[in-house]
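Chemist: Contents of model38.pdb (PDB, C-alpha atoms, pLDDT in the B column):
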```pdb
ATOM      1  CA  MET A  23     -13.620 -24.257   5.003  1.00 58.00           C
ATOM      2  CA  GLY A  24     -11.457 -26.008   7.582  1.00 67.00           C
ATOM      3  CA  VAL A  25      -8.260 -25.066   5.738  1.00 70.00           C
ATOM      4  CA  VAL A  26      -9.382 -21.421   5.586  1.00 66.00           C
ATOM      5  CA  VAL A  27     -10.178 -21.319   9.324  1.00 66.00           C
ATOM      6  CA  VAL A  28      -6.782 -22.796  10.257  1.00 71.00           C
ATOM      7  CA  THR A  29      -5.043 -20.320   7.954  1.00 67.00           C
ATOM      8  CA  LEU A  30      -6.895 -17.396   9.542  1.00 66.00           C
ATOM      9  CA  VAL A  31      -5.885 -18.613  13.005  1.00 67.00           C
ATOM     10  CA  LEU A  32      -2.247 -18.675  11.858  1.00 68.00           C
ATOM     11  CA  GLN A  33      -2.598 -15.100  10.595  1.00 63.00           C
ATOM     12  CA  VAL A  34      -3.918 -13.954  13.985  1.00 66.00           C
ATOM     13  CA  ALA A  35      -0.854 -15.572  15.615  1.00 65.00           C
ATOM     14  CA  LEU A  36       1.566 -13.398  13.621  1.00 65.00           C
ATOM     15  CA  PRO A  37       3.701 -10.780  15.439  1.00 65.00           C
ATOM     16  CA  ALA A  38       1.714  -7.591  16.053  1.00 63.00           C
ATOM     17  CA  ASP A  39       3.746  -5.435  13.646  1.00 58.00           C
ATOM     18  CA  MET A  40       3.229  -7.901  10.777  1.00 59.00           C
ATOM     19  CA  ALA A  41      -0.500  -8.541  11.189  1.00 57.00           C
ATOM     20  CA  LEU A  42      -3.511  -6.617   9.894  1.00 53.00           C
ATOM     21  CA  ARG A  43      -4.947  -4.230  12.463  1.00 57.00           C
ATOM     22  CA  PRO A  44      -7.174  -4.300  14.403  1.00 59.00           C
ATOM     23  CA  TRP A  45      -6.355  -7.954  15.028  1.00 57.00           C
ATOM     24  CA  TRP A  46     -10.013  -8.973  15.514  1.00 59.00           C
ATOM     25  CA  LEU A  47     -11.317  -7.483  12.239  1.00 57.00           C
ATOM     26  CA  LEU A  48     -10.320 -10.279   9.844  1.00 54.00           C
ATOM     27  CA  PRO A  49     -11.302 -13.281  12.003  1.00 60.00           C
ATOM     28  CA  GLY A  50     -14.549 -11.568  13.035  1.00 63.00           C
ATOM     29  CA  VAL A  51     -15.679 -10.788   9.499  1.00 57.00           C
ATOM     30  CA  SER A  52     -14.458 -14.157   8.239  1.00 58.00           C
ATOM     31  CA  VAL A  53     -16.410 -16.058  10.904  1.00 63.00           C
ATOM     32  CA  LEU A  54     -19.578 -14.183   9.904  1.00 59.00           C
ATOM     33  CA  LEU A  55     -18.989 -15.046   6.242  1.00 53.00           C
ATOM     34  CA  VAL A  56     -18.273 -18.712   7.004  1.00 60.00           C
ATOM     35  CA  VAL A  57     -21.486 -18.925   9.082  1.00 60.00           C
ATOM     36  CA  ALA A  58     -23.426 -17.301   6.244  1.00 53.00           C
ATOM     37  CA  LEU A  59     -21.913 -19.757   3.767  1.00 50.00           C
ATOM     38  CA  LEU A  60     -22.893 -22.732   5.929  1.00 54.00           C
ATOM     39  CA  LEU A  61     -26.430 -21.362   6.294  1.00 52.00           C
ATOM     40  CA  VAL A  62     -26.767 -20.959   2.529  1.00 45.00           C
ATOM     41  CA  ASN A  63     -25.390 -24.443   1.834  1.00 48.00           C
ATOM     42  CA  PRO A  64     -24.933 -26.658   4.916  1.00 44.00           C
ATOM     43  CA  GLY A  65     -24.099 -29.773   2.883  1.00 45.00           C
ATOM     44  CA  ARG A  66     -22.125 -30.766  -0.172  1.00 50.00           C
ATOM     45  CA  MET A  67     -22.313 -28.304  -3.059  1.00 51.00           C
ATOM     46  CA  THR A  68     -24.475 -29.781  -5.815  1.00 53.00           C
ATOM     47  CA  GLN A  69     -25.631 -26.749  -7.794  1.00 56.00           C
ATOM     48  CA  PHE A  70     -24.651 -23.192  -8.683  1.00 55.00           C
ATOM     49  CA  SER A  71     -25.752 -20.417  -6.303  1.00 66.00           C
ATOM     50  CA  ALA A  72     -24.920 -16.758  -6.955  1.00 72.00           C
ATOM     51  CA  VAL A  73     -25.238 -15.914  -3.239  1.00 73.00           C
ATOM     52  CA  GLU A  74     -22.953 -18.753  -2.208  1.00 72.00           C
ATOM     53  CA  ARG A  75     -20.377 -17.822  -4.844  1.00 74.00           C
ATOM     54  CA  THR A  76     -20.411 -14.171  -3.740  1.00 80.00           C
ATOM     55  CA  ILE A  77     -19.805 -15.147  -0.107  1.00 76.00           C
ATOM     56  CA  SER A  78     -17.024 -17.546  -1.126  1.00 75.00           C
ATOM     57  CA  LEU A  79     -15.293 -14.868  -3.194  1.00 81.00           C
ATOM     58  CA  LEU A  80     -15.556 -12.390  -0.298  1.00 80.00           C
ATOM     59  CA  ILE A  81     -13.833 -14.907   2.008  1.00 76.00           C
ATOM     60  CA  VAL A  82     -11.080 -15.532  -0.539  1.00 78.00           C
ATOM     61  CA  GLY A  83     -10.670 -11.785  -1.061  1.00 81.00           C
ATOM     62  CA  LEU A  84     -10.311 -11.174   2.691  1.00 77.00           C
ATOM     63  CA  VAL A  85      -7.675 -13.886   3.089  1.00 75.00           C
ATOM     64  CA  THR A  86      -5.847 -12.479   0.046  1.00 79.00           C
ATOM     65  CA  VAL A  87      -5.797  -8.940   1.450  1.00 79.00           C
ATOM     66  CA  VAL A  88      -4.519  -9.950   4.880  1.00 75.00           C
ATOM     67  CA  ASN A  89      -1.802 -12.154   3.416  1.00 73.00           C
ATOM     68  CA  ALA A  90      -0.696  -9.401   1.036  1.00 80.00           C
ATOM     69  CA  TRP A  91      -0.434  -7.058   4.036  1.00 78.00           C
ATOM     70  CA  SER A  92       1.616  -9.591   6.000  1.00 75.00           C
ATOM     71  CA  ALA A  93       3.898 -10.289   3.012  1.00 78.00           C
ATOM     72  CA  ALA A  94       4.432  -6.573   2.405  1.00 80.00           C
ATOM     73  CA  SER A  95       5.194  -5.977   6.101  1.00 77.00           C
ATOM     74  CA  LEU A  96       7.658  -8.864   6.130  1.00 77.00           C
ATOM     75  CA  GLY A  97       9.352  -7.695   2.924  1.00 79.00           C
ATOM     76  CA  TYR A  98       9.550  -4.109   4.183  1.00 79.00           C
ATOM     77  CA  GLY A  99      11.020  -5.224   7.498  1.00 77.00           C
ATOM     78  CA  ILE A 100      13.675  -7.365   5.816  1.00 76.00           C
ATOM     79  CA  GLY A 101      14.466  -4.768   3.149  1.00 76.00           C
ATOM     80  CA  THR A 102      14.857  -1.866   5.579  1.00 77.00           C
ATOM     81  CA  GLY A 103      16.479  -3.870   8.365  1.00 72.00           C
ATOM     82  CA  THR A 104      13.822  -2.805  10.898  1.00 71.00           C
ATOM     83  CA  ILE A 105      13.092  -6.308  12.167  1.00 69.00           C
ATOM     84  CA  GLY A 106      16.311  -6.440  14.143  1.00 60.00           C
ATOM     85  CA  ASP A 107      17.518  -9.848  15.304  1.00 65.00           C
ATOM     86  CA  ARG A 108      14.116 -11.493  15.755  1.00 67.00           C
ATOM     87  CA  ALA A 109      15.077 -14.627  13.863  1.00 68.00           C
ATOM     88  CA  GLY A 110      12.268 -16.757  15.293  1.00 71.00           C
ATOM     89  CA  ALA A 111       9.564 -14.200  14.495  1.00 71.00           C
ATOM     90  CA  VAL A 112      10.842 -13.727  10.941  1.00 76.00           C
ATOM     91  CA  LEU A 113      11.009 -17.461  10.195  1.00 77.00           C
ATOM     92  CA  VAL A 114       7.562 -18.106  11.695  1.00 76.00           C
ATOM     93  CA  THR A 115       6.086 -15.163   9.802  1.00 77.00           C
ATOM     94  CA  GLY A 116       7.742 -16.297   6.574  1.00 80.00           C
ATOM     95  CA  GLY A 117       6.340 -19.801   7.002  1.00 81.00           C
ATOM     96  CA  VAL A 118       2.825 -18.554   7.765  1.00 80.00           C
ATOM     97  CA  VAL A 119       2.851 -16.113   4.843  1.00 82.00           C
ATOM     98  CA  TYR A 120       4.180 -18.798   2.487  1.00 86.00           C
ATOM     99  CA  TRP A 121       1.526 -21.306   3.571  1.00 85.00           C
ATOM    100  CA  THR A 122      -1.243 -18.709   3.379  1.00 82.00           C
ATOM    101  CA  ASN A 123      -0.075 -17.844  -0.120  1.00 86.00           C
ATOM    102  CA  VAL A 124      -0.520 -21.512  -1.075  1.00 88.00           C
ATOM    103  CA  VAL A 125      -4.030 -21.569   0.429  1.00 84.00           C
ATOM    104  CA  VAL A 126      -5.033 -18.263  -1.191  1.00 85.00           C
ATOM    105  CA  PHE A 127      -4.082 -19.395  -4.677  1.00 90.00           C
ATOM    106  CA  SER A 128      -5.661 -22.829  -4.161  1.00 88.00           C
ATOM    107  CA  LEU A 129      -8.922 -21.036  -3.379  1.00 85.00           C
ATOM    108  CA  TRP A 130      -8.670 -18.874  -6.501  1.00 89.00           C
ATOM    109  CA  TYR A 131      -8.052 -21.991  -8.619  1.00 92.00           C
ATOM    110  CA  TRP A 132     -10.967 -23.726  -6.884  1.00 87.00           C
ATOM    111  CA  GLU A 133     -13.278 -20.785  -7.476  1.00 85.00           C
ATOM    112  CA  PHE A 134     -12.430 -20.096 -11.140  1.00 88.00           C
ATOM    113  CA  ASP A 135     -11.670 -23.471 -12.717  1.00 91.00           C
ATOM    114  CA  ARG A 136     -14.649 -24.076 -15.038  1.00 87.00           C
ATOM    115  CA  GLY A 137     -16.641 -21.324 -13.349  1.00 82.00           C
ATOM    116  CA  GLY A 138     -16.317 -22.556  -9.777  1.00 80.00           C
ATOM    117  CA  PRO A 139     -17.482 -25.576  -7.756  1.00 78.00           C
ATOM    118  CA  GLY A 140     -21.174 -24.830  -8.293  1.00 74.00           C
ATOM    119  CA  ARG A 141     -20.932 -24.805 -12.071  1.00 75.00           C
ATOM    120  CA  ARG A 142     -18.660 -27.861 -12.026  1.00 76.00           C
ATOM    121  CA  ALA A 143     -21.165 -29.767  -9.878  1.00 71.00           C
ATOM    122  CA  ALA A 144     -24.044 -28.707 -12.123  1.00 69.00           C
ATOM    123  CA  GLY A 145     -22.144 -29.677 -15.275  1.00 66.00           C
ATOM    124  CA  ARG A 146     -22.498 -26.171 -16.723  1.00 68.00           C
ATOM    125  CA  ALA A 147     -18.848 -25.808 -17.796  1.00 68.00           C
ATOM    126  CA  GLU A 148     -17.894 -27.476 -21.059  1.00 70.00           C
ATOM    127  CA  PHE A 149     -14.109 -27.043 -21.166  1.00 79.00           C
ATOM    128  CA  PRO A 150     -11.615 -27.245 -18.248  1.00 84.00           C
ATOM    129  CA  ASP A 151      -9.198 -24.460 -17.325  1.00 91.00           C
ATOM    130  CA  LEU A 152      -6.872 -26.894 -15.536  1.00 92.00           C
ATOM    131  CA  GLN A 153      -6.193 -30.435 -16.703  1.00 91.00           C
ATOM    132  CA  PHE A 154      -5.695 -33.010 -13.957  1.00 91.00           C
ATOM    133  CA  PRO A 155      -4.150 -36.416 -14.797  1.00 89.00           C
ATOM    134  CA  GLN A 156      -7.487 -38.181 -14.168  1.00 87.00           C
ATOM    135  CA  MET A 157      -9.076 -36.038 -16.866  1.00 84.00           C
ATOM    136  CA  ALA A 158      -6.454 -36.960 -19.468  1.00 80.00           C
ATOM    137  CA  ASP A 159      -6.514 -40.724 -18.921  1.00 79.00           C
ATOM    138  CA  PRO A 160      -9.907 -42.443 -18.410  1.00 77.00           C
ATOM    139  CA  ASP A 161      -8.144 -45.464 -16.903  1.00 80.00           C
ATOM    140  CA  LEU A 162      -7.061 -43.440 -13.840  1.00 82.00           C
ATOM    141  CA  ALA A 163     -10.523 -42.568 -12.467  1.00 80.00           C
ATOM    142  CA  HIS A 164     -14.279 -42.905 -12.971  1.00 83.00           C
ATOM    143  CA  ARG A 165     -15.789 -41.158 -15.959  1.00 77.00           C
ATOM    144  CA  ASP A 166     -17.558 -38.557 -13.802  1.00 76.00           C
ATOM    145  CA  TRP A 167     -14.470 -37.769 -11.656  1.00 81.00           C
ATOM    146  CA  GLU A 168     -14.227 -34.150 -10.446  1.00 83.00           C
ATOM    147  CA  PRO A 169     -11.310 -32.517  -8.585  1.00 86.00           C
ATOM    148  CA  SER A 170     -11.965 -31.788  -4.909  1.00 85.00           C
ATOM    149  CA  TYR A 171     -10.590 -28.806  -3.019  1.00 84.00           C
ATOM    150  CA  LEU A 172      -7.645 -30.895  -1.787  1.00 87.00           C
ATOM    151  CA  ASP A 173      -6.657 -31.500  -5.423  1.00 91.00           C
ATOM    152  CA  TYR A 174      -6.419 -27.730  -5.906  1.00 91.00           C
ATOM    153  CA  LEU A 175      -4.530 -27.334  -2.622  1.00 89.00           C
ATOM    154  CA  TYR A 176      -1.982 -29.933  -3.739  1.00 93.00           C
ATOM    155  CA  PHE A 177      -1.711 -28.272  -7.147  1.00 94.00           C
ATOM    156  CA  SER A 178      -1.135 -24.866  -5.510  1.00 93.00           C
ATOM    157  CA  PHE A 179       1.515 -26.260  -3.156  1.00 93.00           C
ATOM    158  CA  THR A 180       3.478 -27.985  -5.909  1.00 93.00           C
ATOM    159  CA  ASN A 181       3.383 -24.827  -8.052  1.00 92.00           C
ATOM    160  CA  ALA A 182       4.658 -22.768  -5.106  1.00 91.00           C
ATOM    161  CA  ALA A 183       7.413 -25.290  -4.335  1.00 90.00           C
ATOM    162  CA  ALA A 184       8.550 -26.096  -7.885  1.00 87.00           C
ATOM    163  CA  PHE A 185       7.784 -22.657  -9.419  1.00 81.00           C
ATOM    164  CA  SER A 186       6.301 -24.517 -12.397  1.00 82.00           C
ATOM    165  CA  PRO A 187       3.507 -26.964 -13.312  1.00 82.00           C
ATOM    166  CA  THR A 188       3.943 -30.519 -12.083  1.00 84.00           C
ATOM    167  CA  ASP A 189       1.147 -32.972 -12.910  1.00 87.00           C
ATOM    168  CA  VAL A 190      -1.633 -30.396 -13.478  1.00 91.00           C
ATOM    169  CA  MET A 191      -1.489 -28.386 -16.692  1.00 92.00           C
ATOM    170  CA  PRO A 192      -2.952 -24.869 -17.128  1.00 92.00           C
ATOM    171  CA  LEU A 193      -5.014 -24.645 -20.320  1.00 91.00           C
ATOM    172  CA  ARG A 194      -6.372 -21.085 -20.163  1.00 92.00           C
ATOM    173  CA  ILE A 195      -4.489 -17.787 -20.142  1.00 94.00           C
ATOM    174  CA  TRP A 196      -5.908 -16.757 -16.746  1.00 93.00           C
ATOM    175  CA  ALA A 197      -4.642 -20.019 -15.227  1.00 93.00           C
ATOM    176  CA  LYS A 198      -1.178 -19.593 -16.728  1.00 94.00           C
ATOM    177  CA  MET A 199      -0.906 -15.972 -15.543  1.00 94.00           C
ATOM    178  CA  THR A 200      -2.179 -16.871 -12.057  1.00 92.00           C
ATOM    179  CA  MET A 201       0.347 -19.686 -11.777  1.00 93.00           C
ATOM    180  CA  MET A 202       3.108 -17.345 -12.928  1.00 92.00           C
ATOM    181  CA  LEU A 203       2.111 -14.761 -10.310  1.00 91.00           C
ATOM    182  CA  GLN A 204       1.997 -17.376  -7.562  1.00 90.00           C
ATOM    183  CA  ALA A 205       5.409 -18.780  -8.518  1.00 90.00           C
ATOM    184  CA  ALA A 206       6.910 -15.272  -8.581  1.00 90.00           C
ATOM    185  CA  ILE A 207       5.507 -14.394  -5.131  1.00 88.00           C
ATOM    186  CA  SER A 208       6.670 -17.717  -3.672  1.00 88.00           C
ATOM    187  CA  LEU A 209      10.143 -17.289  -5.150  1.00 88.00           C
ATOM    188  CA  VAL A 210      10.542 -13.752  -3.780  1.00 86.00           C
ATOM    189  CA  LEU A 211       9.280 -14.775  -0.328  1.00 84.00           C
ATOM    190  CA  ALA A 212      11.590 -17.788  -0.177  1.00 84.00           C
ATOM    191  CA  LEU A 213      14.639 -15.837  -1.349  1.00 83.00           C
ATOM    192  CA  MET A 214      14.057 -12.929   1.051  1.00 80.00           C
ATOM    193  CA  VAL A 215      13.436 -15.082   4.120  1.00 79.00           C
ATOM    194  CA  VAL A 216      16.287 -17.522   3.388  1.00 76.00           C
ATOM    195  CA  ALA A 217      18.721 -14.681   2.585  1.00 75.00           C
ATOM    196  CA  TRP A 218      17.798 -12.903   5.821  1.00 75.00           C
ATOM    197  CA  ALA A 219      18.016 -16.146   7.818  1.00 71.00           C
ATOM    198  CA  VAL A 220      21.522 -16.908   6.499  1.00 67.00           C
ATOM    199  CA  GLY A 221      22.725 -13.515   7.703  1.00 66.00           C
ATOM    200  CA  GLY A 222      20.526 -13.225  10.808  1.00 60.00           C
ATOM    201  CA  LEU A 223      20.702 -16.631  12.440  1.00 53.00           C
ATOM    202  CA  LYS A 224      23.563 -17.270  14.817  1.00 52.00           C
TER     203      LYS A 224
END
```
Could you rewrite the structure in this file as structure tokens?
Modeler:
Amino acid sequence: MGVVVVTLVLQVALPADMALRPWWLLPGVSVLLVVALLLVNPGRMTQFSAVERTISLLIVGLVTVVNAWSAASLGYGIGTGTIGDRAGAVLVTGGVVYWTNVVVFSLWYWEFDRGGPGRRAAGRAEFPDLQFPQMADPDLAHRDWEPSYLDYLYFSFTNAAAFSPTDVMPLRIWAKMTMMLQAAISLVLALMVVAWAVGGLK
């Protein structure tokens, strides 16, 4: 949850014309959902809970919506030339949107790989959707090794940076399509911001 909170704080810090309005709506609702999630499960997740999963998906959905809005606003501003010469604001916004995109997709991978963290912890998923190196070679980790959220965050970052799988392989169609979508969004964001920066920075 710490990564989500930091990402939401970064979203609130965006320029006013590139942030979701009203500015307090997203952090306010997200704080309520995070509190509810901690009340439902204050410790380490050890079993599947429908309530907990619903709250988690709502948080991920909110972060996804606000980042899509910010990305669309940034793309519209660059495409129409309405952002003027605000080089600093554009680069900061591009960085925040890019990072949030990494976090958003890491959360989707975390929530859907083998049915989510609850089902993974309860051992209710038979086959993996994503294959980590430790799962392919028993000499790399303990037999009962499970990926943590940071493993999914790293996987999401490398996919966004390399626009392709690195050490984690997608095994299911949904995982392959999600990775393709993430790589496409990251590529478009990087190209638009870099192209604008080359022409806009002095």
Chemist: What is the atom CA of A:Leu96-atom CA of A:Leu172 distance in Å, reported with one decimal?
Modeler: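 Rounded to one decimal, the two atoms are 28.0 Å apart.
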Chemist: For A:Asn123, find every residue with an atom within 10 Å (counting only C-alpha atoms), except residues of its own chain fewer than 2 positions away, and show them as a PyMOL selection string.
Modeler: chain A and resi 29+85-86+89-90+93+117-121+125-129+178-179+182+204+207-208+211
Chemist: Suppose you want the space between atom CA of A:Asp135 and atom CA of A:Ala94; what is it in Å?
Modeler: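 It comes out at 27.8 Å.
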Chemist: Carefully work through the PyMOL selection byres ((chain A and resi 190) around 7) for this structure and note down the residues it includes, as an NGL selection string.
Modeler: :A and (152-155 or 177 or 187-189 or 191-192)
Chemist: Under the rule that only C-alpha atoms are counted, which of A:Val82, A:Ala163, A:Ala111, A:Ile100 is the nearest residue to A:Leu213?
Modeler: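 Going through A:Val82, A:Ala163, A:Ala111, A:Ile100 one by one, the smallest distance to A:Leu213 is for A:Ile100.
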Chemist: Just how far from atom CA of A:Thr122 is atom CA of A:Thr104, in Å to one decimal?
Modeler: 23.2 Å
